[in-house]
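One file, target30.cif, carrying mmCIF, C-alpha atoms and all ligand atoms:
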```cif
data_upload
#
loop_
_atom_site.group_PDB
_atom_site.id
_atom_site.type_symbol
_atom_site.label_atom_id
_atom_site.label_comp_id
_atom_site.auth_asym_id
_atom_site.auth_seq_id
_atom_site.Cartn_x
_atom_site.Cartn_y
_atom_site.Cartn_z
ATOM 1 C CA MET A 243 119.277 109.933 -129.038
ATOM 2 C CA THR A 244 122.646 111.245 -130.256
ATOM 3 C CA ALA A 245 124.237 114.115 -128.333
ATOM 4 C CA SER A 246 124.153 117.443 -130.157
ATOM 5 C CA PRO A 247 127.599 118.590 -131.354
ATOM 6 C CA GLU A 248 129.525 121.023 -129.185
ATOM 7 C CA PRO A 249 129.591 124.642 -130.404
ATOM 8 C CA ARG A 250 133.043 125.378 -131.897
ATOM 9 C CA THR A 251 133.586 128.362 -129.572
ATOM 10 C CA LEU A 252 137.296 127.590 -129.083
ATOM 11 C CA GLU A 253 138.186 127.015 -132.731
ATOM 12 C CA GLY A 254 141.713 128.188 -133.514
ATOM 13 C CA LEU A 255 142.764 128.545 -129.862
ATOM 14 C CA VAL A 256 145.612 126.685 -128.184
ATOM 15 C CA PHE A 257 145.059 125.605 -124.581
ATOM 16 C CA VAL A 258 147.803 124.509 -122.171
ATOM 17 C CA ILE A 259 146.315 122.661 -119.190
ATOM 18 C CA THR A 260 148.493 121.640 -116.252
ATOM 19 C CA GLY A 261 147.305 118.658 -114.243
ATOM 20 C CA GLY A 262 145.443 117.628 -117.404
ATOM 21 C CA GLY A 263 145.889 113.904 -116.884
ATOM 22 C CA ARG A 264 142.909 113.328 -114.647
ATOM 23 C CA GLY A 265 140.066 114.982 -112.765
ATOM 24 C CA LEU A 266 139.055 118.522 -113.657
ATOM 25 C CA GLY A 267 142.028 119.046 -115.975
ATOM 26 C CA GLU A 268 141.218 115.969 -118.008
ATOM 27 C CA SER A 269 137.584 116.981 -118.327
ATOM 28 C CA ALA A 270 138.514 120.536 -119.360
ATOM 29 C CA ALA A 271 140.997 119.215 -121.933
ATOM 30 C CA ARG A 272 138.387 116.957 -123.490
ATOM 31 C CA LEU A 273 135.697 119.656 -123.641
ATOM 32 C CA ALA A 274 138.102 122.290 -124.994
ATOM 33 C CA ALA A 275 139.124 119.906 -127.775
ATOM 34 C CA ARG A 276 135.486 119.134 -128.605
ATOM 35 C CA ARG A 277 134.916 122.887 -128.899
ATOM 36 C CA GLY A 278 137.731 123.188 -131.421
ATOM 37 C CA ALA A 279 140.848 124.030 -129.388
ATOM 38 C CA ALA A 280 144.214 122.344 -129.813
ATOM 39 C CA VAL A 281 145.141 121.187 -126.315
ATOM 40 C CA VAL A 282 148.508 120.642 -124.704
ATOM 41 C CA VAL A 283 147.860 118.290 -121.821
ATOM 42 C CA SER A 284 150.544 118.535 -119.168
ATOM 43 C CA ASP A 285 151.006 116.515 -115.999
ATOM 44 C CA THR A 286 153.580 114.808 -113.800
ATOM 45 C CA ASN A 287 151.644 111.602 -114.444
ATOM 46 C CA ALA A 288 152.647 110.710 -118.014
ATOM 47 C CA GLU A 289 150.393 107.666 -118.235
ATOM 48 C CA ALA A 290 147.300 109.677 -117.292
ATOM 49 C CA GLY A 291 148.300 112.547 -119.595
ATOM 50 C CA GLU A 292 148.868 110.252 -122.566
ATOM 51 C CA GLU A 293 145.497 108.640 -121.901
ATOM 52 C CA THR A 294 143.756 112.033 -121.998
ATOM 53 C CA VAL A 295 145.458 112.784 -125.312
ATOM 54 C CA ALA A 296 144.501 109.388 -126.753
ATOM 55 C CA THR A 297 140.867 109.937 -125.754
ATOM 56 C CA ILE A 298 140.835 113.359 -127.419
ATOM 57 C CA ALA A 299 142.434 111.964 -130.583
ATOM 58 C CA ALA A 300 139.906 109.115 -130.679
ATOM 59 C CA ASP A 301 137.187 111.762 -130.468
ATOM 60 C CA GLY A 302 138.662 113.548 -133.521
ATOM 61 C CA GLY A 303 140.338 116.355 -131.526
ATOM 62 C CA ARG A 304 143.871 117.761 -131.529
ATOM 63 C CA ALA A 305 146.049 117.285 -128.449
ATOM 64 C CA ALA A 306 149.606 116.541 -127.364
ATOM 65 C CA PHE A 307 151.104 115.494 -124.047
ATOM 66 C CA VAL A 308 154.083 117.311 -122.512
ATOM 67 C CA GLY A 309 155.253 116.071 -119.120
ATOM 68 C CA CYS A 310 155.978 118.795 -116.581
ATOM 69 C CA ASP A 311 156.177 119.318 -112.839
ATOM 70 C CA VAL A 312 154.951 122.901 -112.463
ATOM 71 C CA THR A 313 157.377 123.508 -109.590
ATOM 72 C CA ASP A 314 160.392 122.918 -111.854
ATOM 73 C CA GLU A 315 161.172 126.116 -113.758
ATOM 74 C CA ALA A 316 163.229 124.420 -116.477
ATOM 75 C CA GLN A 317 160.388 121.982 -117.148
ATOM 76 C CA VAL A 318 157.849 124.820 -117.198
ATOM 77 C CA ALA A 319 159.965 126.784 -119.697
ATOM 78 C CA ALA A 320 160.251 123.691 -121.894
ATOM 79 C CA LEU A 321 156.494 123.074 -121.638
ATOM 80 C CA MET A 322 155.587 126.541 -122.877
ATOM 81 C CA ALA A 323 158.211 126.553 -125.641
ATOM 82 C CA GLY A 324 157.167 123.068 -126.748
ATOM 83 C CA ALA A 325 153.462 123.913 -126.702
ATOM 84 C CA ALA A 326 153.967 127.048 -128.782
ATOM 85 C CA GLU A 327 156.162 125.213 -131.253
ATOM 86 C CA ARG A 328 153.751 122.308 -131.609
ATOM 87 C CA PHE A 329 150.562 124.323 -132.192
ATOM 88 C CA GLY A 330 151.873 127.760 -133.249
ATOM 89 C CA GLY A 331 151.308 129.708 -130.005
ATOM 90 C CA ILE A 332 149.493 129.701 -126.685
ATOM 91 C CA ASP A 333 146.141 131.426 -126.130
ATOM 92 C CA VAL A 334 144.792 129.982 -122.898
ATOM 93 C CA LEU A 335 146.869 128.780 -119.949
ATOM 94 C CA VAL A 336 144.902 126.757 -117.397
ATOM 95 C CA ASN A 337 146.858 126.567 -114.131
ATOM 96 C CA ASN A 338 144.950 123.569 -112.872
ATOM 97 C CA ALA A 339 147.608 121.451 -111.111
ATOM 98 C CA GLY A 340 147.131 121.304 -107.377
ATOM 99 C CA VAL A 341 147.704 119.071 -104.388
ATOM 100 C CA ILE A 342 145.895 118.889 -101.052
ATOM 101 C CA ASP A 343 147.402 118.278 -97.596
ATOM 102 C CA TRP A 344 145.503 114.998 -97.167
ATOM 103 C CA ALA A 345 147.328 113.522 -100.181
ATOM 104 C CA LEU A 346 150.727 114.054 -98.551
ATOM 105 C CA ALA A 347 150.333 112.940 -94.936
ATOM 106 C CA ASP A 348 147.945 111.250 -92.531
ATOM 107 C CA ASP A 349 148.357 113.887 -89.844
ATOM 108 C CA THR A 350 147.631 117.263 -91.448
ATOM 109 C CA SER A 351 147.134 119.176 -88.201
ATOM 110 C CA LEU A 352 149.252 122.219 -87.437
ATOM 111 C CA GLU A 353 151.336 120.134 -85.045
ATOM 112 C CA GLY A 354 151.583 117.038 -87.234
ATOM 113 C CA PHE A 355 152.098 118.381 -90.776
ATOM 114 C CA GLY A 356 155.723 118.853 -91.813
ATOM 115 C CA ARG A 357 157.202 122.033 -93.209
ATOM 116 C CA ASP A 358 158.289 120.243 -96.391
ATOM 117 C CA HIS A 359 154.689 119.153 -97.029
ATOM 118 C CA PHE A 360 153.341 122.635 -96.300
ATOM 119 C CA ALA A 361 155.869 124.088 -98.738
ATOM 120 C CA ARG A 362 154.998 121.510 -101.410
ATOM 121 C CA VAL A 363 151.297 122.405 -101.405
ATOM 122 C CA LEU A 364 152.160 126.090 -101.822
ATOM 123 C CA GLU A 365 154.833 125.349 -104.431
ATOM 124 C CA VAL A 366 152.445 123.397 -106.649
ATOM 125 C CA GLY A 367 149.395 125.617 -106.156
ATOM 126 C CA VAL A 368 150.863 129.105 -106.071
ATOM 127 C CA THR A 369 154.478 129.108 -107.243
ATOM 128 C CA GLY A 370 153.625 126.652 -110.027
ATOM 129 C CA ALA A 371 150.842 128.895 -111.327
ATOM 130 C CA TRP A 372 153.160 131.914 -111.154
ATOM 131 C CA LEU A 373 155.953 130.093 -112.998
ATOM 132 C CA CYS A 374 153.602 128.893 -115.724
ATOM 133 C CA ALA A 375 152.200 132.401 -116.194
ATOM 134 C CA LYS A 376 155.729 133.816 -116.369
ATOM 135 C CA HIS A 377 156.880 131.416 -119.080
ATOM 136 C CA ALA A 378 153.622 131.457 -121.036
ATOM 137 C CA LEU A 379 153.559 135.268 -121.146
ATOM 138 C CA PRO A 380 155.758 135.810 -124.234
ATOM 139 C CA HIS A 381 153.381 133.544 -126.166
ATOM 140 C CA LEU A 382 150.214 135.008 -124.624
ATOM 141 C CA ARG A 383 151.341 138.492 -125.663
ATOM 142 C CA ALA A 384 151.136 137.368 -129.290
ATOM 143 C CA SER A 385 147.558 136.074 -128.936
ATOM 144 C CA GLN A 386 144.388 138.040 -129.719
ATOM 145 C CA HIS A 387 142.466 135.989 -127.122
ATOM 146 C CA ALA A 388 144.998 135.602 -124.321
ATOM 147 C CA CYS A 389 143.788 134.310 -121.011
ATOM 148 C CA ILE A 390 145.075 132.685 -117.842
ATOM 149 C CA LEU A 391 142.742 130.611 -115.666
ATOM 150 C CA ASN A 392 143.810 129.632 -112.161
ATOM 151 C CA ALA A 393 142.334 126.854 -110.020
ATOM 152 C CA GLY A 394 140.966 128.367 -106.847
ATOM 153 C CA SER A 395 138.541 126.604 -104.528
ATOM 154 C CA MET A 396 135.922 127.218 -101.865
ATOM 155 C CA ALA A 397 139.116 127.283 -99.766
ATOM 156 C CA SER A 398 140.008 130.571 -101.499
ATOM 157 C CA PHE A 399 137.235 132.112 -99.381
ATOM 158 C CA VAL A 400 136.691 130.055 -96.226
ATOM 159 C CA GLY A 401 138.912 128.137 -93.843
ATOM 160 C CA TRP A 402 138.757 124.390 -93.292
ATOM 161 C CA ALA A 403 140.393 122.573 -90.388
ATOM 162 C CA GLY A 404 143.128 120.132 -91.394
ATOM 163 C CA ILE A 405 144.059 121.699 -94.721
ATOM 164 C CA ASN A 406 146.008 124.774 -93.673
ATOM 165 C CA ALA A 407 148.420 124.612 -96.595
ATOM 166 C CA TYR A 408 145.647 124.117 -99.147
ATOM 167 C CA CYS A 409 143.666 127.080 -97.787
ATOM 168 C CA ALA A 410 146.795 129.251 -97.787
ATOM 169 C CA ALA A 411 147.541 128.180 -101.371
ATOM 170 C CA LYS A 412 144.014 128.739 -102.659
ATOM 171 C CA GLY A 413 143.722 132.100 -100.910
ATOM 172 C CA GLY A 414 147.017 132.990 -102.558
ATOM 173 C CA VAL A 415 145.753 131.914 -105.967
ATOM 174 C CA LEU A 416 142.789 134.263 -105.647
ATOM 175 C CA LEU A 417 145.001 137.309 -105.075
ATOM 176 C CA LEU A 418 147.575 136.136 -107.626
ATOM 177 C CA THR A 419 144.684 136.158 -110.093
ATOM 178 C CA ARG A 420 143.820 139.754 -109.261
ATOM 179 C CA SER A 421 147.400 141.052 -109.267
ATOM 180 C CA LEU A 422 148.176 139.350 -112.580
ATOM 181 C CA ALA A 423 144.921 140.645 -114.079
ATOM 182 C CA ALA A 424 146.080 144.177 -113.285
ATOM 183 C CA GLU A 425 149.667 143.701 -114.414
ATOM 184 C CA LEU A 426 148.823 141.900 -117.646
ATOM 185 C CA ALA A 427 145.843 144.028 -118.697
ATOM 186 C CA PRO A 428 148.004 146.277 -120.892
ATOM 187 C CA ALA A 429 149.265 143.165 -122.656
ATOM 188 C CA GLY A 430 145.675 142.144 -123.392
ATOM 189 C CA VAL A 431 145.855 139.063 -121.154
ATOM 190 C CA ARG A 432 142.737 138.322 -119.100
ATOM 191 C CA VAL A 433 143.243 136.463 -115.807
ATOM 192 C CA ASN A 434 140.445 134.732 -113.913
ATOM 193 C CA CYS A 435 140.006 132.106 -111.269
ATOM 194 C CA TYR A 436 137.584 129.150 -111.167
ATOM 195 C CA CYS A 437 136.628 127.965 -107.710
ATOM 196 C CA PRO A 438 135.062 124.502 -107.562
ATOM 197 C CA GLY A 439 133.187 123.090 -104.623
ATOM 198 C CA ASN A 440 133.023 119.370 -103.913
ATOM 199 C CA VAL A 441 133.623 117.753 -107.289
ATOM 200 C CA ARG A 442 134.045 114.037 -107.908
ATOM 201 C CA THR A 443 137.691 113.594 -108.946
ATOM 202 C CA PRO A 444 140.631 111.487 -107.733
ATOM 203 C CA MET A 445 141.542 114.405 -105.406
ATOM 204 C CA MET A 446 138.087 114.226 -103.879
ATOM 205 C CA GLU A 447 138.603 110.485 -103.348
ATOM 206 C CA THR A 448 141.647 111.394 -101.256
ATOM 207 C CA VAL A 449 139.379 113.531 -99.117
ATOM 208 C CA PHE A 450 136.944 110.656 -98.651
ATOM 209 C CA GLU A 451 139.763 108.230 -97.847
ATOM 210 C CA SER A 452 140.942 110.551 -95.087
ATOM 211 C CA ALA A 453 137.539 110.314 -93.378
ATOM 212 C CA GLU A 454 137.001 107.781 -90.610
ATOM 213 C CA ASP A 455 133.297 107.412 -91.459
ATOM 214 C CA LYS A 456 132.818 107.963 -95.207
ATOM 215 C CA ASP A 457 129.005 107.863 -95.086
ATOM 216 C CA ALA A 458 128.835 110.460 -92.327
ATOM 217 C CA TRP A 459 131.368 112.627 -94.153
ATOM 218 C CA THR A 460 129.393 112.378 -97.413
ATOM 219 C CA GLU A 461 126.198 113.326 -95.617
ATOM 220 C CA GLU A 462 127.898 116.221 -93.856
ATOM 221 C CA LEU A 463 129.335 117.604 -97.087
ATOM 222 C CA LEU A 464 126.085 117.230 -99.012
ATOM 223 C CA SER A 465 124.069 118.824 -96.231
ATOM 224 C CA THR A 466 125.636 122.167 -97.122
ATOM 225 C CA HIS A 467 124.729 121.937 -100.825
ATOM 226 C CA LEU A 468 121.783 123.842 -102.252
ATOM 227 C CA VAL A 469 122.125 121.733 -105.407
ATOM 228 C CA ARG A 470 121.686 118.268 -103.920
ATOM 229 C CA ARG A 471 124.587 116.440 -105.519
ATOM 230 C CA PHE A 472 128.354 116.510 -105.765
ATOM 231 C CA GLY A 473 129.823 118.372 -108.698
ATOM 232 C CA GLU A 474 131.018 116.447 -111.725
ATOM 233 C CA PRO A 475 134.258 117.374 -113.533
ATOM 234 C CA ASP A 476 132.229 118.502 -116.547
ATOM 235 C CA ASP A 477 130.487 121.152 -114.391
ATOM 236 C CA ILE A 478 133.864 122.824 -113.976
ATOM 237 C CA ALA A 479 135.037 122.119 -117.524
ATOM 238 C CA GLN A 480 132.030 124.093 -118.772
ATOM 239 C CA LEU A 481 133.100 127.081 -116.677
ATOM 240 C CA ILE A 482 136.740 126.833 -117.785
ATOM 241 C CA CYS A 483 135.805 126.603 -121.458
ATOM 242 C CA PHE A 484 133.481 129.602 -121.214
ATOM 243 C CA LEU A 485 136.054 131.752 -119.373
ATOM 244 C CA GLY A 486 138.707 130.777 -121.922
ATOM 245 C CA SER A 487 136.500 131.628 -124.894
ATOM 246 C CA PRO A 488 136.303 134.918 -126.820
ATOM 247 C CA GLN A 489 132.724 135.211 -125.464
ATOM 248 C CA ALA A 490 134.270 136.034 -122.054
ATOM 249 C CA SER A 491 136.403 138.879 -123.433
ATOM 250 C CA TYR A 492 134.958 141.446 -120.971
ATOM 251 C CA ILE A 493 135.762 139.365 -117.897
ATOM 252 C CA THR A 494 139.044 139.694 -116.037
ATOM 253 C CA GLY A 495 140.334 139.714 -112.464
ATOM 254 C CA GLN A 496 137.345 137.681 -111.270
ATOM 255 C CA SER A 497 136.712 134.515 -109.333
ATOM 256 C CA PHE A 498 133.815 132.190 -110.172
ATOM 257 C CA VAL A 499 132.497 129.752 -107.611
ATOM 258 C CA ALA A 500 130.836 126.564 -108.888
ATOM 259 C CA ASP A 501 129.915 124.739 -105.687
ATOM 260 C CA GLY A 502 126.231 123.836 -105.839
ATOM 261 C CA GLY A 503 125.492 126.866 -103.681
ATOM 262 C CA THR A 504 127.581 125.738 -100.717
ATOM 263 C CA LEU A 505 129.123 129.131 -99.951
ATOM 264 C CA ALA A 506 125.900 131.048 -100.607
ATOM 265 C CA TRP A 507 124.332 130.351 -97.241
ATOM 266 C CA ARG A 508 124.968 129.280 -93.701
ATOM 267 C CA GLY A 509 123.009 126.175 -92.787
ATOM 268 C CA THR A 510 122.409 122.501 -93.425
ATOM 269 C CA ALA A 511 119.827 120.705 -95.562
ATOM 270 C CA ASP A 512 117.607 119.671 -92.630
ATOM 271 C CA GLN A 513 116.549 123.328 -92.402
ATOM 272 C CA LEU A 514 115.110 123.173 -95.939
ATOM 273 C CA PRO A 515 112.005 121.386 -97.287
ATOM 274 C CA PHE A 516 113.892 119.009 -99.620
ATOM 275 C CA ALA A 517 111.888 115.986 -100.732
ATOM 276 C CA ALA A 518 113.314 112.830 -99.138
HETATM 277 N N1 LIG A 601 137.931 118.206 -106.961
HETATM 278 C C1 LIG A 601 137.484 119.214 -106.240
HETATM 279 O O1 LIG A 601 136.462 119.081 -105.558
HETATM 280 C C2 LIG A 601 138.220 120.535 -106.237
HETATM 281 C C3 LIG A 601 137.650 121.563 -105.478
HETATM 282 C C4 LIG A 601 138.278 122.802 -105.441
HETATM 283 C C5 LIG A 601 139.444 123.015 -106.164
HETATM 284 N N2 LIG A 601 139.984 121.999 -106.896
HETATM 285 C C6 LIG A 601 141.233 122.293 -107.606
HETATM 286 O O2 LIG A 601 141.114 121.958 -108.976
HETATM 287 C C7 LIG A 601 142.364 121.475 -109.465
HETATM 288 C C8 LIG A 601 142.180 120.087 -110.031
HETATM 289 O O3 LIG A 601 141.631 119.265 -109.009
HETATM 290 P P1 LIG A 601 141.302 117.721 -109.202
HETATM 291 O O4 LIG A 601 140.275 117.399 -108.202
HETATM 292 O O5 LIG A 601 141.075 117.399 -110.626
HETATM 293 O O6 LIG A 601 142.700 117.100 -108.721
HETATM 294 P P2 LIG A 601 143.337 115.665 -109.007
HETATM 295 O O7 LIG A 601 144.300 115.405 -107.895
HETATM 296 O O8 LIG A 601 142.280 114.668 -109.257
HETATM 297 O O9 LIG A 601 144.173 115.914 -110.346
HETATM 298 C C9 LIG A 601 145.244 116.822 -110.325
HETATM 299 C C10 LIG A 601 146.237 116.511 -111.427
HETATM 300 O O10 LIG A 601 147.352 117.399 -111.210
HETATM 301 C C11 LIG A 601 148.550 116.670 -111.368
HETATM 302 N N3 LIG A 601 149.618 117.300 -110.601
HETATM 303 C C12 LIG A 601 149.796 117.267 -109.256
HETATM 304 N N4 LIG A 601 150.917 117.914 -108.932
HETATM 305 C C13 LIG A 601 151.448 118.387 -110.091
HETATM 306 C C14 LIG A 601 152.607 119.135 -110.401
HETATM 307 N N5 LIG A 601 153.475 119.503 -109.471
HETATM 308 N N6 LIG A 601 152.825 119.454 -111.699
HETATM 309 C C15 LIG A 601 151.965 119.062 -112.672
HETATM 310 N N7 LIG A 601 150.870 118.333 -112.438
HETATM 311 C C16 LIG A 601 150.621 117.995 -111.153
HETATM 312 C C17 LIG A 601 148.216 115.258 -110.874
HETATM 313 O O11 LIG A 601 149.122 114.284 -111.393
HETATM 314 C C18 LIG A 601 146.792 115.085 -111.360
HETATM 315 O O12 LIG A 601 146.752 114.505 -112.647
HETATM 316 C C19 LIG A 601 143.330 121.521 -108.279
HETATM 317 O O13 LIG A 601 144.071 122.717 -108.306
HETATM 318 C C20 LIG A 601 142.401 121.489 -107.088
HETATM 319 O O14 LIG A 601 142.975 122.053 -105.951
HETATM 320 C C21 LIG A 601 139.403 120.769 -106.939
#
```

Spit out the file's structure as structure tokens when you get a sec.
Ligand SMILES: NC(=O)c1ccc[n+]([C@@H]2O[C@H](COP(=O)([O-])OP(=O)(O)OC[C@H]3O[C@@H](n4cnc5c(N)ncnc54)[C@H](O)[C@@H]3O)[C@@H](O)[C@H]2O)c1
Amino acid sequence: MTASPEPRTLEGLVFVITGGGRGLGESAARLAARRGAAVVVSDTNAEAGEETVATIAADGGRAAFVGCDVTDEAQVAALMAGAAERFGGIDVLVNNAGVIDWALADDTSLEGFGRDHFARVLEVGVTGAWLCAKHALPHLRASQHACILNAGSMASFVGWAGINAYCAAKGGVLLLTRSLAAELAPAGVRVNCYCPGNVRTPMMETVFESAEDKDAWTEELLSTHLVRRFGEPDDIAQLICFLGSPQASYITGQSFVADGGTLAWRGTADQLPFAA
């Protein structure tokens, strides 16, 4: 059976996706292109970014890679100028790049984690999103469907031991979303936040690698899910592509959790009658 074609809901739009080389960003880039968007894939990892672009091109889509570390303002300015020049504007900025404490150090406790690492997580997650919004704004102002999407997390809402910087960053992203939604409303720019749960990506692998007993950790994580599986990158790509589409034109200043129901309740699976 051949897959039915994607609806062309993003036809004519230009997406810029940071951290688009792998994981959620890659998946969002591929789906946006299949739905008709031209996609600027940006990442610090040029090899991964170029691969995403090659996959999109092979699929008949339009995409270009622009390398950028979102914490470097000159690179961010060049990214937005280059994206607008290449595809004639910017409609949807996806501030997806992020880094988690566990990727930077073995000891992520309050006592063990260094200030430079703490600052880096906040720089990438919060300052990077702010810088990208700032430099995309002149181009977004010219769009009829302007939108900024920020990567939040379950950690935008609840604390988690051992990832203090990540929780601080994702909490910050949630309120940055709301403040920008208010400030940019007169310019016609919608701003929303997508908040994934436990989704299978390279970042998630980092989380597993940090666990002493991977099986126990997997079981513990899954025991909090109402949907009995981990998320897949496409689950989040679907949300991103809807929020970035003209069909979401009435939605701004909001956060959307896609976590298999993890935050909806307080309990573990052994309290529910799941079939074995
Ligand atoms: N995977 C999950 O379960 C999950 C859950 C909640 C939130 N998120 C958030 O979603 C986003 C994507 O997560 P993921 O799991 O795909 O992560 P990932 O680590 O698999 O991929 C992130 C990408 O961002 C790039 N990147 C990192 N620092 C960058 C920088 N300074 N500038 C530009 N690019 C940079 C990396 O090279 C990588 O390609 C992140 O913001 C993450 O915090 C993920």

Counting all atoms listed in the file, the residue of A:Gly495, A:Gly486, A:Gly356, A:Pro438 that sits nearest ligand LIG 601 (chain A) =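 Among the listed residues, the smallest separation from ligand LIG 601 (chain A) belongs to A:Pro438.
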
Proximity to ligand LIG 601 (chain A) - best of A:Gly502, A:Gly331, A:Gly509, A:Gly262, only C-alpha atoms and all ligand atoms |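 Result for the nearest residue to ligand LIG 601 (chain A): A:Gly262.
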
Reference answer for the PyMOL selection byres (((chain A and resi 467-471) around 8) and not hetatm), as a ChimeraX atom specification = /A:463-466,472-473,501-504,510-511

Around ligand LIG 601 (chain A), at most 8 Å away and counting all atoms listed in the file, which residues are there? Put them as a PyMOL selection string, please.
-> chain A and resi 260-268+284-287+290-291+309-313+337-342+365-367+370+392-397+408+412+437-446+473+475

Using the selection just defined, write its residues with C-alpha atoms as a compact mmCIF listing (two decimals), keeping the file's coordinate frame.
```
# COMPACT_ATOMS: atom_id res chain seq x y z
CA THR A 260 148.49 121.64 -116.25
CA GLY A 261 147.30 118.66 -114.24
CA GLY A 262 145.44 117.63 -117.40
CA GLY A 263 145.89 113.90 -116.88
CA ARG A 264 142.91 113.33 -114.65
CA GLY A 265 140.07 114.98 -112.76
CA LEU A 266 139.06 118.52 -113.66
CA GLY A 267 142.03 119.05 -115.98
CA GLU A 268 141.22 115.97 -118.01
CA SER A 284 150.54 118.54 -119.17
CA ASP A 285 151.01 116.52 -116.00
CA THR A 286 153.58 114.81 -113.80
CA ASN A 287 151.64 111.60 -114.44
CA ALA A 290 147.30 109.68 -117.29
CA GLY A 291 148.30 112.55 -119.60
CA GLY A 309 155.25 116.07 -119.12
CA CYS A 310 155.98 118.80 -116.58
CA ASP A 311 156.18 119.32 -112.84
CA VAL A 312 154.95 122.90 -112.46
CA THR A 313 157.38 123.51 -109.59
CA ASN A 337 146.86 126.57 -114.13
CA ASN A 338 144.95 123.57 -112.87
CA ALA A 339 147.61 121.45 -111.11
CA GLY A 340 147.13 121.30 -107.38
CA VAL A 341 147.70 119.07 -104.39
CA ILE A 342 145.90 118.89 -101.05
CA GLU A 365 154.83 125.35 -104.43
CA VAL A 366 152.44 123.40 -106.65
CA GLY A 367 149.40 125.62 -106.16
CA GLY A 370 153.62 126.65 -110.03
CA ASN A 392 143.81 129.63 -112.16
CA ALA A 393 142.33 126.85 -110.02
CA GLY A 394 140.97 128.37 -106.85
CA SER A 395 138.54 126.60 -104.53
CA MET A 396 135.92 127.22 -101.86
CA ALA A 397 139.12 127.28 -99.77
CA TYR A 408 145.65 124.12 -99.15
CA LYS A 412 144.01 128.74 -102.66
CA CYS A 437 136.63 127.96 -107.71
CA PRO A 438 135.06 124.50 -107.56
CA GLY A 439 133.19 123.09 -104.62
CA ASN A 440 133.02 119.37 -103.91
CA VAL A 441 133.62 117.75 -107.29
CA ARG A 442 134.04 114.04 -107.91
CA THR A 443 137.69 113.59 -108.95
CA PRO A 444 140.63 111.49 -107.73
CA MET A 445 141.54 114.40 -105.41
CA MET A 446 138.09 114.23 -103.88
CA GLY A 473 129.82 118.37 -108.70
CA PRO A 475 134.26 117.37 -113.53
```

A:Phe360 surroundings by only C-alpha atoms, 12 Å radius, close-in-sequence under 4 positions cut, as JSON, numbers by chain = {"A": [341, 342, 343, 344, 345, 346, 347, 349, 350, 351, 352, 353, 354, 355, 356, 364, 365, 366, 367, 368, 404, 405, 406, 407, 408, 409, 410, 411]}

Counting only C-alpha atoms, figure out which residue out of A:Ile332, A:Trp402, A:Asp314, A:Arg508 gets nearest to A:Thr369.
-> A:Asp314

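If you look at atom CA of A:Leu426 and atom CA of A:Ala326, they are 19.3 Å away from each other.
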
Which residue out of A:Ile493, A:His381, A:Ala479, A:Phe498 has the minimum interatomic distance to A:Ala423 when only C-alpha atoms are used?
->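 Smallest distance to A:Ala423 is found for A:Ile493.
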
When distances are computed from all atoms listed in the file, which of A:Leu514, A:Cys483, A:Cys374, A:Ala453 shows the smallest separation from A:Ala275?
-> A:Cys483

Which is closest to A:Leu321 among A:Ala280, A:Val363, A:Ala378, A:Ala371, if we use all atoms listed in the file?
-> A:Ala378

Between atom CA of A:Leu505 and atom CA of A:Thr460 - distance in Å to one decimal =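 Those two atoms sit 16.9 Å apart.
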
One-decimal distance in Å that lies between atom CA of A:Gln489 and atom CA of A:Thr251 | 8.0 Å

Contact residues around A:Pro249 with all atoms listed in the file at 10 Å, ignoring same-chain residues under 3 positions, as a ChimeraX atom specification | /A:246,252-253,276-278

Save stretch 360-381 of chain A to a file: C-alpha atoms, as a compact mmCIF listing (two decimals), in the first residue's frame.
```txt
# COMPACT_ATOMS: atom_id res chain seq x y z
CA PHE A 360 24.74 25.87 33.35
CA ALA A 361 25.18 29.04 31.31
CA ARG A 362 25.55 27.07 28.06
CA VAL A 363 22.23 25.27 28.49
CA LEU A 364 20.47 28.60 29.09
CA GLU A 365 22.36 30.30 26.26
CA VAL A 366 21.30 27.70 23.69
CA GLY A 367 17.74 27.21 24.93
CA VAL A 368 16.67 30.70 25.93
CA THR A 369 19.12 33.31 24.64
CA GLY A 370 19.40 31.46 21.32
CA ALA A 371 15.63 31.48 20.83
CA TRP A 372 15.51 35.18 21.74
CA LEU A 373 18.33 36.04 19.33
CA CYS A 374 16.72 34.11 16.49
CA ALA A 375 13.37 35.81 17.09
CA LYS A 376 15.09 39.21 17.16
CA HIS A 377 16.85 38.72 13.83
CA ALA A 378 13.96 36.95 12.12
CA LEU A 379 11.50 39.70 13.09
CA PRO A 380 12.12 42.11 10.18
CA HIS A 381 11.34 39.23 7.80
```
